[in-house]
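Here is the structure we will look at, set down as structure tokens.
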Amino acid sequence: MEVAEKKVLVFGLGISGIGAGKILEKNGADVVLYDGNAKLTEEKIREQIGTDSKARIVIGDFPEEVLEGLDITVLSPGVPTDLPIIEDMRKRNVQVIGEVELAYQFGKGNVLAITGTNGKTTTTSLLGEIMKNYQDNVYVVGNIGTPYTTVVGDMTDDTITVAEMSSFQLESIVDFRPKVSAILNFTPDHLNRHHTMEAYVNAKKKIAKNQTEEDYCILNYEDELTREFGKQKNLKAKVLYFSSQRKLEEGIYLEDGNIIFRYNGIEEKICHVNELQILGTHNHENVMAAAAMAAVYGVPMDVISRSVREFKGVEHRIEYVTEKNGVAFYNDSKGTNPDAAIKGIQAMNRPTVLIGGGYDKGSEYTEWINSFDGKVKKLVLLGVTKEKIASDAEKCGFQDYLFADTFEEAVLTAVKLAEPGEAVLLSPACASWDMFPSYEVRGEKFKEIVNSL
């Protein structure tokens with residue numbers, strides 16, 4: 001991609017946006033940095049971008065004159081691609097890409113990329129550990145916390161980039177092509193952004209759109225949408241399925257508790273699920289996806305087997321916090337949609353006081369409530385969605401709920417309700433943005449309150 005002497009706008013100045021600005025300036029672009037958050041200051045942005053930067057910084061209302069002579073716009077993941085100003089740019093023939101595409105254009109080495117509604121972070125983290133045990137110079141980037149744009153400058157031709165890709169990041173790719181991709185599952189999420197399930201699914205499918213016959217796409221056989229995607233003629237990559245429910249002629253599957261990899265006439269046992277340190281069928285699927293990606297890339301089976309056995313899981317995902325007065329506390333703040341939160345409930349093996357609610361992403365909650373299956377003793381609701389969830393609970397005949405006005409009140413209420421031998425689970429089924437900047441901050445606050453009891 002040629003950016004030298006071109007006018008390039010970076011739209012959104014989070015960490016990834018700052019990283020994008022640095023890449024562009026290093027490669028000779030005339031850079032404009034923009035963010036609509038009027039609380040930001042130019043001084044703070046200058047501290048992040050570097051005092052030697054010549055980029056123009058614009059904060060607050062978007063000035064029309066920035067469009068004059070504009071060649072390229074780089075969108076940060078949180079910026080909707082259908083904003084009127086973005087549509088206006090396209091009409092003016094401004095090339096609109098995302099920060100993932102920019103990083104890919106200037107990065108080096110091979111990319112292994114993972115998407116799906118649930119399980120992305122665990123699978124990406126595990127694959128990152130496998131690849132780091134295989135070779136040096138591995139970066140784990142994307143939706144997992146380290147923006148892709150911030151590590152591009154350190155890459156070499158031998159670099160392996162393991163990337164967690166959200167639908168927001170994938171909808172604006174152009175040439176992005178992973179050597180190995182994976183789609184774990186599709187369930188309704190982010191419908192406030194994508195508006196329809198079809199648009200959301202299509203955004204995620206883009207992970208494989210530039211792959212060729214030399215590449216691999218790992219798909220979940222037990223998800224109807226991913227299974228059917230694997231049969232589409234426009235998918236050029238070699239497809240390999242994983243399954244937690246049946247034996248596959250080729251692929252990776254669960255049989256009598258053993259995870260088996262079978263491909264090209266070779267059958268190898270990776271491990272037994274009892275050897276894993278992460279619980280639940282959904283995590284067995286995450287292990288299979290990561291192991292399959294590593295195997296087709298060429299990682300020796302002994303490295304894969306050792307890595308999956310040693311993997312301890314991901315913070316904020318059904319994370320055991322502590323036990324106080326006989327009550328076990330679990331932090332599943334990453335359960336930001338109903339399907340993810342169902343996995344949290346399924347992992348509980350004792351009566352549970354559940355904390356739910358938060359930012360409204362347009363989800364329905366009846367399936368989540370029906371999954372309680374007698375395990376949820378009480379549901380403590382908070383946030384923007386509390387009334388909506390309560391209404392869905394009533395429809396399902398579940399009336400053991402109560403409201404809290406603040407996060408701290410919700411946690412302390414749950415503590416009072418839980419008795420020895422029971423659990424308190426934070427698994428909100430909602431995003432955190434009505435109260436916290438991220439699910440990580442919400443999870444840390446939960447742990448802080450619990451540990452101070």
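As shown in the structure tokens, the chain order sets the letters A, B, ...; within each chain, residues go from 1, and ligands are also counted from 1 in the order they appear.
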For region 269-286 of chain A: contacts at 6 Å, only C-alpha atoms, fewer than 2 positions along chain excluded, given as a ChimeraX atom specification: /A:123,257-260,288-289,305,309,312-313,347
Let's have the selection written as an mmCIF file, in the first residue's frame, with C-alpha atoms.
data_model
loop_
_atom_site.group_PDB
_atom_site.id
_atom_site.type_symbol
_atom_site.label_atom_id
_atom_site.label_comp_id
_atom_site.auth_asym_id
_atom_site.auth_seq_id
_atom_site.Cartn_x
_atom_site.Cartn_y
_atom_site.Cartn_z
ATOM 1 C CA THR A 123 -8.551 -19.781 21.460
ATOM 2 C CA GLY A 257 -12.697 -37.792 26.349
ATOM 3 C CA ASN A 258 -9.667 -37.826 24.024
ATOM 4 C CA ILE A 259 -8.948 -34.992 21.593
ATOM 5 C CA ILE A 260 -7.916 -36.678 18.316
ATOM 6 C CA MET A 288 -9.501 -28.238 19.266
ATOM 7 C CA ALA A 289 -9.625 -25.081 17.145
ATOM 8 C CA SER A 305 0.074 -31.417 23.352
ATOM 9 C CA ARG A 309 -1.979 -29.197 28.975
ATOM 10 C CA LYS A 312 -4.408 -22.032 32.461
ATOM 11 C CA GLY A 313 -7.143 -20.081 30.694
ATOM 12 C CA ALA A 347 -19.602 -24.421 34.091
#
Thr149 (chain A) surroundings by only C-alpha atoms, 6 Å radius, close-in-sequence under 2 positions cut, as a PyMOL selection string: chain A and resi 16+19-20+103+147+151-152
Can you write out the residues you just picked, keeping C-alpha atoms, as a PDB file, in the first residue's frame?
ATOM      1  CA  SER A  16      -4.878   1.277  17.751  1.00  0.00           C
ATOM      2  CA  GLY A  19      -0.491   3.061  16.328  1.00  0.00           C
ATOM      3  CA  ALA A  20      -2.002   3.638  12.882  1.00  0.00           C
ATOM      4  CA  ALA A 103      -1.340  -3.214   9.929  1.00  0.00           C
ATOM      5  CA  PRO A 147      -3.550  -3.512  18.830  1.00  0.00           C
ATOM      6  CA  VAL A 151       3.710  -4.133  16.821  1.00  0.00           C
ATOM      7  CA  VAL A 152       4.110  -3.776  13.044  1.00  0.00           C
TER       8      VAL A 152
END
Surrounding residues of Thr187 (chain A) excluding itself and chain neighbours under 3 positions, 10 Å, only C-alpha atoms, as a ChimeraX atom specification: /A:116-118,190,197,200-201,223,225,337-340
Write out, as a tab-separated table (two decimals), in the first residue's frame, the residues just selected, with all heavy atoms.
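The new file out.tsv reads:
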chain	number	residue	atom	x	y	z
A	116	GLY	N	-15.36	-15.42	15.54
A	116	GLY	CA	-16.48	-16.19	16.09
A	116	GLY	C	-17.13	-15.35	17.17
A	116	GLY	O	-16.54	-14.40	17.67
A	117	THR	N	-18.35	-15.69	17.55
A	117	THR	CA	-19.02	-14.89	18.58
A	117	THR	C	-18.39	-15.14	19.95
A	117	THR	O	-18.10	-14.20	20.69
A	117	THR	CB	-20.52	-15.24	18.63
A	117	THR	OG1	-21.06	-15.14	17.32
A	117	THR	CG2	-21.26	-14.30	19.56
A	118	ASN	N	-18.15	-16.42	20.27
A	118	ASN	CA	-17.63	-16.76	21.59
A	118	ASN	C	-16.43	-17.68	21.49
A	118	ASN	O	-16.33	-18.49	20.57
A	118	ASN	CB	-18.73	-17.43	22.42
A	118	ASN	CG	-19.92	-16.52	22.63
A	118	ASN	OD1	-19.76	-15.39	23.08
A	118	ASN	ND2	-21.11	-16.98	22.26
A	190	HIS	N	-23.90	-7.94	18.83
A	190	HIS	CA	-23.60	-6.65	18.19
A	190	HIS	C	-24.65	-6.25	17.14
A	190	HIS	O	-24.34	-5.60	16.15
A	190	HIS	CB	-22.22	-6.67	17.53
A	190	HIS	CG	-21.09	-6.89	18.50
A	190	HIS	ND1	-20.82	-6.02	19.54
A	190	HIS	CD2	-20.20	-7.90	18.61
A	190	HIS	CE1	-19.79	-6.49	20.23
A	190	HIS	NE2	-19.40	-7.62	19.70
A	197	MET	N	-28.63	-10.17	11.73
A	197	MET	CA	-27.75	-11.33	11.95
A	197	MET	C	-26.97	-11.63	10.68
A	197	MET	O	-25.79	-11.98	10.72
A	197	MET	CB	-28.60	-12.53	12.37
A	197	MET	CG	-27.81	-13.79	12.67
A	197	MET	SD	-26.72	-13.63	14.10
A	197	MET	CE	-26.03	-15.29	14.15
A	200	TYR	N	-24.00	-9.34	10.38
A	200	TYR	CA	-23.00	-9.72	11.38
A	200	TYR	C	-22.22	-10.96	10.93
A	200	TYR	O	-20.98	-10.99	10.97
A	200	TYR	CB	-23.73	-9.99	12.71
A	200	TYR	CG	-22.90	-10.62	13.80
A	200	TYR	CD1	-21.81	-9.96	14.35
A	200	TYR	CD2	-23.22	-11.88	14.30
A	200	TYR	CE1	-21.05	-10.53	15.37
A	200	TYR	CE2	-22.48	-12.46	15.32
A	200	TYR	CZ	-21.39	-11.79	15.85
A	200	TYR	OH	-20.65	-12.36	16.84
A	201	VAL	N	-22.94	-11.98	10.46
A	201	VAL	CA	-22.29	-13.22	9.99
A	201	VAL	C	-21.41	-12.93	8.78
A	201	VAL	O	-20.27	-13.41	8.69
A	201	VAL	CB	-23.37	-14.28	9.65
A	201	VAL	CG1	-22.76	-15.43	8.85
A	201	VAL	CG2	-24.01	-14.79	10.92
A	223	ASP	N	-21.75	-26.15	14.54
A	223	ASP	CA	-22.48	-24.90	14.32
A	223	ASP	C	-23.00	-24.94	12.88
A	223	ASP	O	-22.22	-25.04	11.93
A	223	ASP	CB	-21.55	-23.70	14.54
A	223	ASP	CG	-22.27	-22.37	14.40
A	223	ASP	OD1	-22.67	-22.03	13.26
A	223	ASP	OD2	-22.42	-21.66	15.40
A	225	LEU	N	-24.21	-22.79	10.82
A	225	LEU	CA	-23.76	-21.73	9.90
A	225	LEU	C	-22.30	-21.92	9.47
A	225	LEU	O	-21.96	-21.73	8.30
A	225	LEU	CB	-23.96	-20.36	10.53
A	225	LEU	CG	-25.41	-19.91	10.70
A	225	LEU	CD1	-25.49	-18.61	11.50
A	225	LEU	CD2	-26.09	-19.72	9.34
A	337	ASN	N	-22.43	-11.40	26.08
A	337	ASN	CA	-23.66	-11.65	25.33
A	337	ASN	C	-24.30	-12.90	25.92
A	337	ASN	O	-23.65	-13.67	26.64
A	337	ASN	CB	-23.38	-11.78	23.83
A	337	ASN	CG	-22.46	-12.96	23.51
A	337	ASN	OD1	-22.80	-14.11	23.76
A	337	ASN	ND2	-21.29	-12.66	22.96
A	338	PRO	N	-25.59	-13.14	25.65
A	338	PRO	CA	-26.28	-14.26	26.28
A	338	PRO	C	-25.63	-15.61	26.02
A	338	PRO	O	-25.53	-16.44	26.93
A	338	PRO	CB	-27.69	-14.18	25.69
A	338	PRO	CG	-27.88	-12.73	25.40
A	338	PRO	CD	-26.53	-12.25	24.92
A	339	ASP	N	-25.17	-15.86	24.79
A	339	ASP	CA	-24.59	-17.17	24.49
A	339	ASP	C	-23.32	-17.41	25.29
A	339	ASP	O	-23.09	-18.51	25.80
A	339	ASP	CB	-24.30	-17.29	22.99
A	339	ASP	CG	-24.01	-18.72	22.59
A	339	ASP	OD1	-24.92	-19.56	22.72
A	339	ASP	OD2	-22.88	-19.01	22.16
A	340	ALA	N	-22.47	-16.38	25.41
A	340	ALA	CA	-21.24	-16.51	26.21
A	340	ALA	C	-21.59	-16.74	27.67
A	340	ALA	O	-20.94	-17.55	28.36
A	340	ALA	CB	-20.39	-15.25	26.06
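Checking A:Asp392, A:Glu250, A:Glu25, A:Glu198 one by one against Tyr365 (chain A), counting only C-alpha atoms, you find the shortest gap at A:Asp392.
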Strand (DSSP E or B) call set, DSSP backbone run, region 402-431 of chain A, as a VMD selection string: chain A and resid 402 to 403 423 to 426 431
Using all heavy atoms, can you export the residues from the last selection as a PDB file, in the first residue's frame?
ATOM      1  N   LEU A 402     -33.767  -9.582  41.558  1.00  0.00           N
ATOM      2  CA  LEU A 402     -33.920  -8.277  42.213  1.00  0.00           C
ATOM      3  C   LEU A 402     -32.972  -7.290  41.552  1.00  0.00           C
ATOM      4  O   LEU A 402     -32.037  -7.680  40.836  1.00  0.00           O
ATOM      5  CB  LEU A 402     -33.659  -8.371  43.715  1.00  0.00           C
ATOM      6  CG  LEU A 402     -32.254  -8.734  44.196  1.00  0.00           C
ATOM      7  CD1 LEU A 402     -32.108  -8.346  45.666  1.00  0.00           C
ATOM      8  CD2 LEU A 402     -31.996 -10.229  44.066  1.00  0.00           C
ATOM      9  N   PHE A 403     -33.205  -6.012  41.775  1.00  0.00           N
ATOM     10  CA  PHE A 403     -32.443  -4.950  41.116  1.00  0.00           C
ATOM     11  C   PHE A 403     -31.415  -4.327  42.050  1.00  0.00           C
ATOM     12  O   PHE A 403     -31.606  -4.256  43.262  1.00  0.00           O
ATOM     13  CB  PHE A 403     -33.371  -3.842  40.615  1.00  0.00           C
ATOM     14  CG  PHE A 403     -34.346  -4.278  39.560  1.00  0.00           C
ATOM     15  CD1 PHE A 403     -35.668  -3.866  39.591  1.00  0.00           C
ATOM     16  CD2 PHE A 403     -33.942  -5.104  38.523  1.00  0.00           C
ATOM     17  CE1 PHE A 403     -36.572  -4.257  38.617  1.00  0.00           C
ATOM     18  CE2 PHE A 403     -34.833  -5.503  37.529  1.00  0.00           C
ATOM     19  CZ  PHE A 403     -36.147  -5.082  37.581  1.00  0.00           C
ATOM     20  N   ALA A 423     -22.123 -20.442  45.045  1.00  0.00           N
ATOM     21  CA  ALA A 423     -21.199 -19.617  44.267  1.00  0.00           C
ATOM     22  C   ALA A 423     -21.829 -18.270  43.941  1.00  0.00           C
ATOM     23  O   ALA A 423     -23.061 -18.151  43.863  1.00  0.00           O
ATOM     24  CB  ALA A 423     -20.812 -20.314  42.968  1.00  0.00           C
ATOM     25  N   VAL A 424     -20.985 -17.273  43.762  1.00  0.00           N
ATOM     26  CA  VAL A 424     -21.393 -15.992  43.186  1.00  0.00           C
ATOM     27  C   VAL A 424     -20.677 -15.873  41.844  1.00  0.00           C
ATOM     28  O   VAL A 424     -19.453 -15.981  41.770  1.00  0.00           O
ATOM     29  CB  VAL A 424     -21.015 -14.800  44.095  1.00  0.00           C
ATOM     30  CG1 VAL A 424     -21.225 -13.472  43.357  1.00  0.00           C
ATOM     31  CG2 VAL A 424     -21.849 -14.825  45.367  1.00  0.00           C
ATOM     32  N   LEU A 425     -21.456 -15.667  40.797  1.00  0.00           N
ATOM     33  CA  LEU A 425     -20.924 -15.600  39.438  1.00  0.00           C
ATOM     34  C   LEU A 425     -21.267 -14.256  38.799  1.00  0.00           C
ATOM     35  O   LEU A 425     -22.450 -13.918  38.672  1.00  0.00           O
ATOM     36  CB  LEU A 425     -21.499 -16.741  38.587  1.00  0.00           C
ATOM     37  CG  LEU A 425     -21.239 -16.699  37.080  1.00  0.00           C
ATOM     38  CD1 LEU A 425     -19.753 -16.893  36.774  1.00  0.00           C
ATOM     39  CD2 LEU A 425     -22.072 -17.764  36.358  1.00  0.00           C
ATOM     40  N   LEU A 426     -20.240 -13.497  38.386  1.00  0.00           N
ATOM     41  CA  LEU A 426     -20.448 -12.326  37.542  1.00  0.00           C
ATOM     42  C   LEU A 426     -20.375 -12.803  36.099  1.00  0.00           C
ATOM     43  O   LEU A 426     -19.307 -13.173  35.606  1.00  0.00           O
ATOM     44  CB  LEU A 426     -19.374 -11.266  37.799  1.00  0.00           C
ATOM     45  CG  LEU A 426     -19.365 -10.104  36.788  1.00  0.00           C
ATOM     46  CD1 LEU A 426     -20.600  -9.229  36.937  1.00  0.00           C
ATOM     47  CD2 LEU A 426     -18.094  -9.269  36.922  1.00  0.00           C
ATOM     48  N   ALA A 431     -22.633  -6.117  27.489  1.00  0.00           N
ATOM     49  CA  ALA A 431     -21.394  -5.339  27.493  1.00  0.00           C
ATOM     50  C   ALA A 431     -21.348  -4.452  28.737  1.00  0.00           C
ATOM     51  O   ALA A 431     -22.333  -4.299  29.454  1.00  0.00           O
ATOM     52  CB  ALA A 431     -21.292  -4.495  26.229  1.00  0.00           C
TER      53      ALA A 431
END
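Distances from A:Ser363, A:Ser307, A:Thr212, A:Thr226 to Phe186 (chain A) were compared using only C-alpha atoms, and the smallest one belongs to A:Thr226.
Using only C-alpha atoms, the smallest distance between any of A:Lys386, A:Lys238, A:Arg56, A:Lys179 and Leu33 (chain A) comes from A:Arg56.
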Selected residue of minimal separation from Glu214 (chain A) among A:Ile144, A:Gly265, A:Tyr297, A:Asp434, counting only C-alpha atoms: A:Tyr297
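Minimum atom-to-atom distance to Ile23 (chain A), evaluated using only C-alpha atoms, belongs to A:Val8 out of A:Ala295, A:Leu70, A:Val8, A:Ile266.
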Residue neighbourhood Phe436 (chain A), 12 Å, only C-alpha atoms, exclusion window fewer than 2 positions, as a ChimeraX atom specification: /A:333,358-359,383,406-407,430-434,438-446
Exercise: Glu5 (chain A) partners within 10 Å, only C-alpha atoms, chain neighbours under 2 positions left out, as a PyMOL selection string: chain A and resi 2-3+7-8+25+27-31+71
Nearest candidate to Glu101 (chain A) (options A:Ile86, A:Ile173, A:Val74, A:Ala113; using only C-alpha atoms): A:Ile173
